[in-house]
Amino acid sequence: MRPGIFLDRDGVINANRPDHVTSWAEFEFLPGALSALRHLTQLGWPIAVITNQSIIGRGLATQETVEAINARMISAVQAAGGRMDGVWYCPHAPEAGCACRKPAPGLLFAAAKDLRLDLAHSFLVGDALSDIQAAHAAGVYPIMVRTGRGVAQLQSAMVSNLGEFAIVDDLQAAVDWIYDVIIQKVSQPTTGTQ
């Protein structure tokens, strides 16, 4: 078992759209996202994208379309020197009551099982209350970015008694924060008797 990084997609990696991302032509990497992913790849930990894609359940796009968008995203990240170990997505409409749609932790559990991840030492980067809630439900440390829905949902997050989470500007700031935490843990002296 090893730690991993969970990333929400829309609003963290690419721009959120009010009418949803329903084609590759509508997919736009956020400024700095590709370089942040390249930097994150250097950590050597598995990187799992976990995303609600209710456009399938709502009939706005097919599963094949969503998978094609994700495949092109992964190819673009690889071409820029980064890596993603897979995309786990919920295809259901919000009213479906499934166990995989965030804030439920099903996607994190599925990715953790597939990649053999230690959830207690992993991080999730998201832009919504549902990301923070899913992270806590899975025992993962959440980081909220101000991109995407982050600014709009941050006020609610602060008063919702969600538990501990970090707040950063964007994906690059989240990557920097993760590196800082890891360096601090590594540099802490061990205690014990000799």
# chains A, B, ... in the order shown; residues from 1 in each chain; ligands from 1

call {"tool": "select_by_dssp", "arguments": {"residues": "range 125-184 of chain A", "states": "helix (DSSP H, G or I)", "output": "JSON, numbers by chain"}}
result
{"A": [129, 130, 131, 132, 133, 134, 135, 136, 137, 138, 150, 151, 152, 153, 154, 155, 156, 157, 158, 159, 171, 172, 173, 174, 175, 176, 177, 178, 179, 180, 181, 182, 183, 184]}

call {"tool": "write_last_selection", "arguments": {"atoms": "N, CA and C atoms", "output": "short mmCIF file (atom, residue, chain, number, x, y, z; two decimals), in the first residue's frame"}}
result
data_model
loop_
_atom_site.label_atom_id
_atom_site.label_comp_id
_atom_site.auth_asym_id
_atom_site.auth_seq_id
_atom_site.Cartn_x
_atom_site.Cartn_y
_atom_site.Cartn_z
N LEU A 129 -17.54 21.54 -2.31
CA LEU A 129 -17.87 20.94 -1.03
C LEU A 129 -17.93 19.42 -1.14
N SER A 130 -18.49 18.93 -2.23
CA SER A 130 -18.63 17.48 -2.40
C SER A 130 -17.28 16.78 -2.43
N ASP A 131 -16.25 17.46 -2.94
CA ASP A 131 -14.90 16.88 -2.93
C ASP A 131 -14.37 16.76 -1.51
N ILE A 132 -14.56 17.82 -0.72
CA ILE A 132 -14.10 17.81 0.66
C ILE A 132 -14.82 16.71 1.45
N GLN A 133 -16.13 16.62 1.24
CA GLN A 133 -16.92 15.62 1.95
C GLN A 133 -16.51 14.20 1.56
N ALA A 134 -16.28 13.97 0.28
CA ALA A 134 -15.86 12.65 -0.18
C ALA A 134 -14.50 12.28 0.40
N ALA A 135 -13.58 13.24 0.43
CA ALA A 135 -12.26 12.99 0.99
C ALA A 135 -12.36 12.57 2.45
N HIS A 136 -13.10 13.34 3.24
CA HIS A 136 -13.25 13.00 4.65
C HIS A 136 -13.91 11.64 4.84
N ALA A 137 -14.91 11.34 4.02
CA ALA A 137 -15.61 10.05 4.13
C ALA A 137 -14.68 8.88 3.84
N ALA A 138 -13.66 9.12 3.01
CA ALA A 138 -12.71 8.06 2.65
C ALA A 138 -11.46 8.07 3.52
N GLY A 150 -14.42 26.75 -6.63
CA GLY A 150 -13.78 26.92 -5.34
C GLY A 150 -14.14 28.21 -4.61
N VAL A 151 -14.01 29.34 -5.28
CA VAL A 151 -14.30 30.62 -4.62
C VAL A 151 -15.76 30.69 -4.20
N ALA A 152 -16.65 30.26 -5.09
CA ALA A 152 -18.08 30.33 -4.79
C ALA A 152 -18.46 29.41 -3.64
N GLN A 153 -17.81 28.26 -3.53
CA GLN A 153 -18.18 27.30 -2.50
C GLN A 153 -17.37 27.42 -1.22
N LEU A 154 -16.33 28.23 -1.26
CA LEU A 154 -15.45 28.33 -0.10
C LEU A 154 -16.17 28.89 1.12
N GLN A 155 -17.01 29.88 0.94
CA GLN A 155 -17.74 30.46 2.07
C GLN A 155 -18.61 29.40 2.75
N SER A 156 -19.31 28.61 1.95
CA SER A 156 -20.13 27.54 2.51
C SER A 156 -19.27 26.50 3.21
N ALA A 157 -18.12 26.23 2.64
CA ALA A 157 -17.22 25.23 3.23
C ALA A 157 -16.73 25.68 4.60
N MET A 158 -16.51 26.99 4.75
CA MET A 158 -15.98 27.51 6.00
C MET A 158 -16.99 27.42 7.14
N VAL A 159 -18.28 27.46 6.80
CA VAL A 159 -19.31 27.45 7.85
C VAL A 159 -20.03 26.11 7.94
N LEU A 171 -4.10 24.34 -8.75
CA LEU A 171 -3.47 23.03 -8.71
C LEU A 171 -1.98 23.12 -8.41
N GLN A 172 -1.28 24.09 -9.00
CA GLN A 172 0.16 24.23 -8.71
C GLN A 172 0.38 24.52 -7.23
N ALA A 173 -0.44 25.38 -6.65
CA ALA A 173 -0.31 25.67 -5.22
C ALA A 173 -0.61 24.42 -4.38
N ALA A 174 -1.54 23.60 -4.84
CA ALA A 174 -1.83 22.34 -4.14
C ALA A 174 -0.64 21.40 -4.19
N VAL A 175 -0.02 21.31 -5.35
CA VAL A 175 1.16 20.46 -5.50
C VAL A 175 2.27 20.95 -4.58
N ASP A 176 2.50 22.27 -4.55
CA ASP A 176 3.52 22.84 -3.66
C ASP A 176 3.20 22.53 -2.20
N TRP A 177 1.92 22.63 -1.84
CA TRP A 177 1.50 22.36 -0.47
C TRP A 177 1.77 20.90 -0.11
N ILE A 178 1.46 19.99 -1.01
CA ILE A 178 1.69 18.56 -0.78
C ILE A 178 3.18 18.30 -0.58
N TYR A 179 4.01 18.87 -1.44
CA TYR A 179 5.46 18.69 -1.31
C TYR A 179 5.94 19.22 0.04
N ASP A 180 5.44 20.38 0.45
CA ASP A 180 5.84 20.96 1.75
C ASP A 180 5.48 20.03 2.90
N VAL A 181 4.29 19.46 2.86
CA VAL A 181 3.85 18.54 3.92
C VAL A 181 4.75 17.31 3.96
N ILE A 182 5.05 16.76 2.80
CA ILE A 182 5.89 15.56 2.74
C ILE A 182 7.29 15.86 3.24
N ILE A 183 7.84 16.99 2.84
CA ILE A 183 9.19 17.38 3.29
C ILE A 183 9.21 17.56 4.80
N GLN A 184 8.15 18.18 5.35
CA GLN A 184 8.09 18.38 6.80
C GLN A 184 8.04 17.05 7.53
#

call {"tool": "closest_residue", "arguments": {"among": "A:Ala33, A:Val87, A:Met73, A:Val12", "to": "Met144 in chain A", "atoms": "only C-alpha atoms"}}
result
A:Val12

call {"tool": "closest_residue", "arguments": {"among": "A:Asn161, A:Thr22, A:Thr41, A:Ser35", "to": "Asn70 in chain A", "atoms": "only C-alpha atoms"}}
result
A:Thr22

call {"tool": "select_by_dssp", "arguments": {"residues": "range 138-174 of chain A", "states": "strand (DSSP E or B)", "output": "PyMOL selection string"}}
result
chain A and resi 141-145+166-168

call {"tool": "write_last_selection", "arguments": {"atoms": "all heavy atoms", "output": "PDB file, in the first residue's frame"}}
result
ATOM      1  N   TYR A 141      -6.892  13.294   3.079  1.00  0.00           N
ATOM      2  CA  TYR A 141      -6.782  14.710   3.443  1.00  0.00           C
ATOM      3  C   TYR A 141      -7.184  15.582   2.249  1.00  0.00           C
ATOM      4  O   TYR A 141      -6.596  15.481   1.169  1.00  0.00           O
ATOM      5  CB  TYR A 141      -5.360  15.081   3.886  1.00  0.00           C
ATOM      6  CG  TYR A 141      -5.354  16.447   4.520  1.00  0.00           C
ATOM      7  CD1 TYR A 141      -5.604  16.589   5.876  1.00  0.00           C
ATOM      8  CD2 TYR A 141      -5.172  17.595   3.759  1.00  0.00           C
ATOM      9  CE1 TYR A 141      -5.642  17.850   6.464  1.00  0.00           C
ATOM     10  CE2 TYR A 141      -5.218  18.853   4.328  1.00  0.00           C
ATOM     11  CZ  TYR A 141      -5.451  18.975   5.687  1.00  0.00           C
ATOM     12  OH  TYR A 141      -5.508  20.223   6.258  1.00  0.00           O
ATOM     13  N   PRO A 142      -8.189  16.485   2.430  1.00  0.00           N
ATOM     14  CA  PRO A 142      -8.662  17.313   1.319  1.00  0.00           C
ATOM     15  C   PRO A 142      -7.941  18.657   1.202  1.00  0.00           C
ATOM     16  O   PRO A 142      -7.579  19.277   2.198  1.00  0.00           O
ATOM     17  CB  PRO A 142     -10.140  17.538   1.659  1.00  0.00           C
ATOM     18  CG  PRO A 142     -10.244  17.349   3.131  1.00  0.00           C
ATOM     19  CD  PRO A 142      -9.072  16.529   3.580  1.00  0.00           C
ATOM     20  N   ILE A 143      -7.787  19.076  -0.043  1.00  0.00           N
ATOM     21  CA  ILE A 143      -7.231  20.389  -0.377  1.00  0.00           C
ATOM     22  C   ILE A 143      -8.210  21.046  -1.339  1.00  0.00           C
ATOM     23  O   ILE A 143      -8.542  20.470  -2.375  1.00  0.00           O
ATOM     24  CB  ILE A 143      -5.849  20.267  -1.045  1.00  0.00           C
ATOM     25  CG1 ILE A 143      -4.880  19.471  -0.156  1.00  0.00           C
ATOM     26  CG2 ILE A 143      -5.285  21.642  -1.388  1.00  0.00           C
ATOM     27  CD1 ILE A 143      -3.607  19.048  -0.860  1.00  0.00           C
ATOM     28  N   MET A 144      -8.670  22.240  -1.003  1.00  0.00           N
ATOM     29  CA  MET A 144      -9.631  22.944  -1.851  1.00  0.00           C
ATOM     30  C   MET A 144      -8.931  24.062  -2.615  1.00  0.00           C
ATOM     31  O   MET A 144      -8.239  24.888  -2.019  1.00  0.00           O
ATOM     32  CB  MET A 144     -10.776  23.520  -1.026  1.00  0.00           C
ATOM     33  CG  MET A 144     -11.910  24.073  -1.846  1.00  0.00           C
ATOM     34  SD  MET A 144     -13.333  24.435  -0.784  1.00  0.00           S
ATOM     35  CE  MET A 144     -14.597  24.683  -2.018  1.00  0.00           C
ATOM     36  N   VAL A 145      -9.111  24.065  -3.931  1.00  0.00           N
ATOM     37  CA  VAL A 145      -8.547  25.124  -4.767  1.00  0.00           C
ATOM     38  C   VAL A 145      -9.596  26.212  -4.989  1.00  0.00           C
ATOM     39  O   VAL A 145     -10.799  25.958  -4.912  1.00  0.00           O
ATOM     40  CB  VAL A 145      -8.054  24.576  -6.126  1.00  0.00           C
ATOM     41  CG1 VAL A 145      -6.852  23.664  -5.946  1.00  0.00           C
ATOM     42  CG2 VAL A 145      -9.176  23.855  -6.867  1.00  0.00           C
ATOM     43  N   ALA A 166      -7.165  22.008   3.607  1.00  0.00           N
ATOM     44  CA  ALA A 166      -6.305  23.113   3.194  1.00  0.00           C
ATOM     45  C   ALA A 166      -7.004  23.913   2.098  1.00  0.00           C
ATOM     46  O   ALA A 166      -7.833  23.376   1.363  1.00  0.00           O
ATOM     47  CB  ALA A 166      -4.974  22.576   2.682  1.00  0.00           C
ATOM     48  N   ILE A 167      -6.650  25.191   1.991  1.00  0.00           N
ATOM     49  CA  ILE A 167      -7.185  26.066   0.950  1.00  0.00           C
ATOM     50  C   ILE A 167      -5.995  26.675   0.206  1.00  0.00           C
ATOM     51  O   ILE A 167      -5.111  27.271   0.826  1.00  0.00           O
ATOM     52  CB  ILE A 167      -8.048  27.195   1.544  1.00  0.00           C
ATOM     53  CG1 ILE A 167      -9.191  26.619   2.384  1.00  0.00           C
ATOM     54  CG2 ILE A 167      -8.590  28.105   0.447  1.00  0.00           C
ATOM     55  CD1 ILE A 167      -9.876  27.644   3.270  1.00  0.00           C
ATOM     56  N   VAL A 168      -5.979  26.504  -1.110  1.00  0.00           N
ATOM     57  CA  VAL A 168      -4.888  27.031  -1.938  1.00  0.00           C
ATOM     58  C   VAL A 168      -5.477  27.673  -3.194  1.00  0.00           C
ATOM     59  O   VAL A 168      -6.659  27.501  -3.491  1.00  0.00           O
ATOM     60  CB  VAL A 168      -3.888  25.924  -2.325  1.00  0.00           C
ATOM     61  CG1 VAL A 168      -3.206  25.333  -1.087  1.00  0.00           C
ATOM     62  CG2 VAL A 168      -4.566  24.826  -3.126  1.00  0.00           C
TER      63      VAL A 168
END

call {"tool": "residues_around", "arguments": {"residues": "Ala61 in chain A", "least_positions_apart": "2", "cutoff": "12 Å", "atoms": "only C-alpha atoms", "output": "tab-separated table (two decimals) with N, CA and C atoms, in the first residue's frame"}}
result
chain	number	residue	atom	x	y	z
A	19	ASP	N	-22.49	24.89	-18.71
A	19	ASP	CA	-23.25	23.95	-19.53
A	19	ASP	C	-22.52	22.62	-19.69
A	20	HIS	N	-21.53	22.35	-18.84
A	20	HIS	CA	-20.78	21.10	-18.79
A	20	HIS	C	-19.82	20.96	-19.98
A	21	VAL	N	-18.79	20.15	-19.77
A	21	VAL	CA	-17.83	19.82	-20.82
A	21	VAL	C	-18.37	18.57	-21.51
A	22	THR	N	-18.90	18.76	-22.72
A	22	THR	CA	-19.53	17.64	-23.42
A	22	THR	C	-18.76	17.18	-24.66
A	23	SER	N	-17.60	17.82	-24.92
A	23	SER	CA	-16.76	17.42	-26.05
A	23	SER	C	-15.33	17.87	-25.79
A	24	TRP	N	-14.38	17.30	-26.54
A	24	TRP	CA	-12.99	17.71	-26.38
A	24	TRP	C	-12.82	19.18	-26.77
A	53	GLN	N	-19.56	12.77	-13.54
A	53	GLN	CA	-19.89	13.09	-14.93
A	53	GLN	C	-21.37	12.77	-15.17
A	54	SER	N	-22.22	13.55	-14.53
A	54	SER	CA	-23.66	13.33	-14.64
A	54	SER	C	-24.19	13.63	-16.04
A	55	ILE	N	-23.34	14.19	-16.90
A	55	ILE	CA	-23.79	14.43	-18.28
A	55	ILE	C	-24.20	13.13	-18.96
A	56	ILE	N	-23.66	12.02	-18.49
A	56	ILE	CA	-24.06	10.72	-19.05
A	56	ILE	C	-25.48	10.39	-18.59
A	57	GLY	N	-25.70	10.43	-17.28
A	57	GLY	CA	-27.01	10.12	-16.73
A	57	GLY	C	-28.10	11.09	-17.17
A	58	ARG	N	-27.70	12.31	-17.46
A	58	ARG	CA	-28.66	13.33	-17.91
A	58	ARG	C	-28.90	13.28	-19.41
A	59	GLY	N	-28.16	12.44	-20.11
A	59	GLY	CA	-28.34	12.32	-21.55
A	59	GLY	C	-27.70	13.43	-22.35
A	63	GLN	N	-21.30	7.74	-22.67
A	63	GLN	CA	-20.15	7.24	-21.93
A	63	GLN	C	-18.92	7.22	-22.83
A	64	GLU	N	-19.10	6.86	-24.09
A	64	GLU	CA	-17.97	6.83	-25.03
A	64	GLU	C	-17.36	8.22	-25.21
A	65	THR	N	-18.21	9.25	-25.24
A	65	THR	CA	-17.70	10.61	-25.39
A	65	THR	C	-16.88	11.02	-24.17
A	66	VAL	N	-17.40	10.72	-22.98
A	66	VAL	CA	-16.67	11.07	-21.75
A	66	VAL	C	-15.35	10.32	-21.70
A	67	GLU	N	-15.35	9.06	-22.07
A	67	GLU	CA	-14.10	8.30	-22.06
A	67	GLU	C	-13.11	8.82	-23.10
A	68	ALA	N	-13.61	9.28	-24.23
A	68	ALA	CA	-12.73	9.86	-25.26
A	68	ALA	C	-12.12	11.17	-24.76
A	69	ILE	N	-12.91	12.00	-24.07
A	69	ILE	CA	-12.38	13.24	-23.49
A	69	ILE	C	-11.29	12.92	-22.49
A	91	PRO	N	-21.15	8.11	-13.62
A	91	PRO	CA	-21.96	8.49	-14.78
A	91	PRO	C	-23.41	8.83	-14.42
A	92	HIS	N	-23.75	8.75	-13.15
A	92	HIS	CA	-25.16	8.83	-12.76
A	92	HIS	C	-25.66	10.26	-12.60
A	93	ALA	N	-26.94	10.44	-12.81
A	93	ALA	CA	-27.59	11.72	-12.55
A	93	ALA	C	-27.62	11.95	-11.04

call {"tool": "atom_distance", "arguments": {"atom1": "CA of Leu37 in chain A", "atom2": "CA of Pro94 in chain A"}}
result
29.0 Å

call {"tool": "closest_residue", "arguments": {"among": "A:Phe6, A:Val125, A:Arg101, A:Ala120", "to": "Asp85 in chain A", "atoms": "only C-alpha atoms"}}
result
A:Phe6

call {"tool": "decode", "arguments": {"residues": "range 19-33 of chain A", "atoms": "all heavy atoms", "output": "PDB file, in the first residue's frame"}}
result
ATOM      1  N   ASP A  19     -22.494  24.894 -18.708  1.00  0.00           N
ATOM      2  CA  ASP A  19     -23.255  23.955 -19.529  1.00  0.00           C
ATOM      3  C   ASP A  19     -22.522  22.616 -19.689  1.00  0.00           C
ATOM      4  O   ASP A  19     -22.872  21.821 -20.540  1.00  0.00           O
ATOM      5  CB  ASP A  19     -23.545  24.563 -20.900  1.00  0.00           C
ATOM      6  CG  ASP A  19     -22.274  24.985 -21.633  1.00  0.00           C
ATOM      7  OD1 ASP A  19     -21.202  25.042 -21.000  1.00  0.00           O
ATOM      8  OD2 ASP A  19     -22.358  25.254 -22.842  1.00  0.00           O
ATOM      9  N   HIS A  20     -21.530  22.352 -18.844  1.00  0.00           N
ATOM     10  CA  HIS A  20     -20.775  21.099 -18.795  1.00  0.00           C
ATOM     11  C   HIS A  20     -19.816  20.955 -19.981  1.00  0.00           C
ATOM     12  O   HIS A  20     -20.014  21.544 -21.040  1.00  0.00           O
ATOM     13  CB  HIS A  20     -21.708  19.885 -18.734  1.00  0.00           C
ATOM     14  CG  HIS A  20     -22.700  19.938 -17.618  1.00  0.00           C
ATOM     15  ND1 HIS A  20     -22.356  19.718 -16.315  1.00  0.00           N
ATOM     16  CD2 HIS A  20     -24.032  20.208 -17.620  1.00  0.00           C
ATOM     17  CE1 HIS A  20     -23.425  19.833 -15.551  1.00  0.00           C
ATOM     18  NE2 HIS A  20     -24.457  20.141 -16.312  1.00  0.00           N
ATOM     19  N   VAL A  21     -18.789  20.152 -19.772  1.00  0.00           N
ATOM     20  CA  VAL A  21     -17.832  19.821 -20.821  1.00  0.00           C
ATOM     21  C   VAL A  21     -18.366  18.574 -21.514  1.00  0.00           C
ATOM     22  O   VAL A  21     -18.316  17.477 -20.966  1.00  0.00           O
ATOM     23  CB  VAL A  21     -16.428  19.563 -20.235  1.00  0.00           C
ATOM     24  CG1 VAL A  21     -15.468  19.121 -21.331  1.00  0.00           C
ATOM     25  CG2 VAL A  21     -15.898  20.797 -19.520  1.00  0.00           C
ATOM     26  N   THR A  22     -18.898  18.760 -22.718  1.00  0.00           N
ATOM     27  CA  THR A  22     -19.531  17.637 -23.423  1.00  0.00           C
ATOM     28  C   THR A  22     -18.758  17.184 -24.658  1.00  0.00           C
ATOM     29  O   THR A  22     -19.192  16.270 -25.353  1.00  0.00           O
ATOM     30  CB  THR A  22     -20.968  18.005 -23.842  1.00  0.00           C
ATOM     31  OG1 THR A  22     -20.922  19.151 -24.706  1.00  0.00           O
ATOM     32  CG2 THR A  22     -21.835  18.321 -22.625  1.00  0.00           C
ATOM     33  N   SER A  23     -17.596  17.817 -24.924  1.00  0.00           N
ATOM     34  CA  SER A  23     -16.757  17.417 -26.049  1.00  0.00           C
ATOM     35  C   SER A  23     -15.331  17.869 -25.789  1.00  0.00           C
ATOM     36  O   SER A  23     -15.086  18.740 -24.939  1.00  0.00           O
ATOM     37  CB  SER A  23     -17.269  18.046 -27.351  1.00  0.00           C
ATOM     38  OG  SER A  23     -17.048  19.448 -27.329  1.00  0.00           O
ATOM     39  N   TRP A  24     -14.383  17.302 -26.535  1.00  0.00           N
ATOM     40  CA  TRP A  24     -12.993  17.712 -26.382  1.00  0.00           C
ATOM     41  C   TRP A  24     -12.818  19.178 -26.771  1.00  0.00           C
ATOM     42  O   TRP A  24     -11.995  19.878 -26.191  1.00  0.00           O
ATOM     43  CB  TRP A  24     -12.078  16.818 -27.205  1.00  0.00           C
ATOM     44  CG  TRP A  24     -10.636  17.216 -27.080  1.00  0.00           C
ATOM     45  CD1 TRP A  24      -9.842  17.768 -28.033  1.00  0.00           C
ATOM     46  CD2 TRP A  24      -9.825  17.119 -25.903  1.00  0.00           C
ATOM     47  NE1 TRP A  24      -8.577  18.014 -27.541  1.00  0.00           N
ATOM     48  CE2 TRP A  24      -8.538  17.625 -26.223  1.00  0.00           C
ATOM     49  CE3 TRP A  24     -10.049  16.655 -24.596  1.00  0.00           C
ATOM     50  CZ2 TRP A  24      -7.497  17.680 -25.298  1.00  0.00           C
ATOM     51  CZ3 TRP A  24      -9.006  16.710 -23.681  1.00  0.00           C
ATOM     52  CH2 TRP A  24      -7.757  17.217 -24.029  1.00  0.00           C
ATOM     53  N   ALA A  25     -13.593  19.663 -27.707  1.00  0.00           N
ATOM     54  CA  ALA A  25     -13.501  21.069 -28.118  1.00  0.00           C
ATOM     55  C   ALA A  25     -13.834  22.011 -26.962  1.00  0.00           C
ATOM     56  O   ALA A  25     -13.386  23.161 -26.951  1.00  0.00           O
ATOM     57  CB  ALA A  25     -14.438  21.336 -29.297  1.00  0.00           C
ATOM     58  N   GLU A  26     -14.607  21.533 -25.992  1.00  0.00           N
ATOM     59  CA  GLU A  26     -14.985  22.361 -24.840  1.00  0.00           C
ATOM     60  C   GLU A  26     -14.047  22.169 -23.653  1.00  0.00           C
ATOM     61  O   GLU A  26     -14.201  22.834 -22.632  1.00  0.00           O
ATOM     62  CB  GLU A  26     -16.419  22.020 -24.414  1.00  0.00           C
ATOM     63  CG  GLU A  26     -17.455  22.355 -25.470  1.00  0.00           C
ATOM     64  CD  GLU A  26     -18.849  21.884 -25.112  1.00  0.00           C
ATOM     65  OE1 GLU A  26     -19.001  21.063 -24.178  1.00  0.00           O
ATOM     66  OE2 GLU A  26     -19.791  22.335 -25.770  1.00  0.00           O
ATOM     67  N   PHE A  27     -13.086  21.283 -23.786  1.00  0.00           N
ATOM     68  CA  PHE A  27     -12.137  21.004 -22.707  1.00  0.00           C
ATOM     69  C   PHE A  27     -10.992  22.007 -22.793  1.00  0.00           C
ATOM     70  O   PHE A  27     -10.319  22.101 -23.818  1.00  0.00           O
ATOM     71  CB  PHE A  27     -11.602  19.579 -22.832  1.00  0.00           C
ATOM     72  CG  PHE A  27     -10.758  19.132 -21.661  1.00  0.00           C
ATOM     73  CD1 PHE A  27     -11.302  18.344 -20.670  1.00  0.00           C
ATOM     74  CD2 PHE A  27      -9.424  19.497 -21.569  1.00  0.00           C
ATOM     75  CE1 PHE A  27     -10.524  17.910 -19.595  1.00  0.00           C
ATOM     76  CE2 PHE A  27      -8.646  19.087 -20.500  1.00  0.00           C
ATOM     77  CZ  PHE A  27      -9.195  18.293 -19.507  1.00  0.00           C
ATOM     78  N   GLU A  28     -10.758  22.741 -21.727  1.00  0.00           N
ATOM     79  CA  GLU A  28      -9.697  23.757 -21.704  1.00  0.00           C
ATOM     80  C   GLU A  28      -8.888  23.607 -20.418  1.00  0.00           C
ATOM     81  O   GLU A  28      -9.427  23.802 -19.320  1.00  0.00           O
ATOM     82  CB  GLU A  28     -10.318  25.155 -21.767  1.00  0.00           C
ATOM     83  CG  GLU A  28      -9.340  26.285 -21.686  1.00  0.00           C
ATOM     84  CD  GLU A  28     -10.017  27.649 -21.585  1.00  0.00           C
ATOM     85  OE1 GLU A  28     -11.249  27.729 -21.707  1.00  0.00           O
ATOM     86  OE2 GLU A  28      -9.289  28.633 -21.368  1.00  0.00           O
ATOM     87  N   PHE A  29      -7.618  23.230 -20.546  1.00  0.00           N
ATOM     88  CA  PHE A  29      -6.764  23.130 -19.364  1.00  0.00           C
ATOM     89  C   PHE A  29      -6.685  24.488 -18.673  1.00  0.00           C
ATOM     90  O   PHE A  29      -6.553  25.523 -19.333  1.00  0.00           O
ATOM     91  CB  PHE A  29      -5.358  22.668 -19.741  1.00  0.00           C
ATOM     92  CG  PHE A  29      -5.245  21.196 -19.996  1.00  0.00           C
ATOM     93  CD1 PHE A  29      -5.196  20.707 -21.296  1.00  0.00           C
ATOM     94  CD2 PHE A  29      -5.201  20.298 -18.942  1.00  0.00           C
ATOM     95  CE1 PHE A  29      -5.089  19.339 -21.536  1.00  0.00           C
ATOM     96  CE2 PHE A  29      -5.098  18.929 -19.178  1.00  0.00           C
ATOM     97  CZ  PHE A  29      -5.048  18.456 -20.469  1.00  0.00           C
ATOM     98  N   LEU A  30      -6.761  24.486 -17.352  1.00  0.00           N
ATOM     99  CA  LEU A  30      -6.582  25.714 -16.591  1.00  0.00           C
ATOM    100  C   LEU A  30      -5.129  26.168 -16.696  1.00  0.00           C
ATOM    101  O   LEU A  30      -4.225  25.335 -16.847  1.00  0.00           O
ATOM    102  CB  LEU A  30      -6.955  25.490 -15.123  1.00  0.00           C
ATOM    103  CG  LEU A  30      -8.448  25.376 -14.840  1.00  0.00           C
ATOM    104  CD1 LEU A  30      -8.695  24.891 -13.414  1.00  0.00           C
ATOM    105  CD2 LEU A  30      -9.145  26.720 -15.064  1.00  0.00           C
ATOM    106  N   PRO A  31      -4.878  27.472 -16.614  1.00  0.00           N
ATOM    107  CA  PRO A  31      -3.498  27.964 -16.671  1.00  0.00           C
ATOM    108  C   PRO A  31      -2.629  27.282 -15.608  1.00  0.00           C
ATOM    109  O   PRO A  31      -3.017  27.209 -14.438  1.00  0.00           O
ATOM    110  CB  PRO A  31      -3.642  29.467 -16.383  1.00  0.00           C
ATOM    111  CG  PRO A  31      -5.041  29.795 -16.798  1.00  0.00           C
ATOM    112  CD  PRO A  31      -5.854  28.573 -16.493  1.00  0.00           C
ATOM    113  N   GLY A  32      -1.497  26.777 -16.034  1.00  0.00           N
ATOM    114  CA  GLY A  32      -0.549  26.147 -15.113  1.00  0.00           C
ATOM    115  C   GLY A  32      -0.849  24.700 -14.773  1.00  0.00           C
ATOM    116  O   GLY A  32      -0.044  24.041 -14.097  1.00  0.00           O
ATOM    117  N   ALA A  33      -1.982  24.163 -15.224  1.00  0.00           N
ATOM    118  CA  ALA A  33      -2.360  22.796 -14.831  1.00  0.00           C
ATOM    119  C   ALA A  33      -1.393  21.756 -15.384  1.00  0.00           C
ATOM    120  O   ALA A  33      -1.015  20.810 -14.674  1.00  0.00           O
ATOM    121  CB  ALA A  33      -3.787  22.495 -15.278  1.00  0.00           C
TER     122      ALA A  33
END
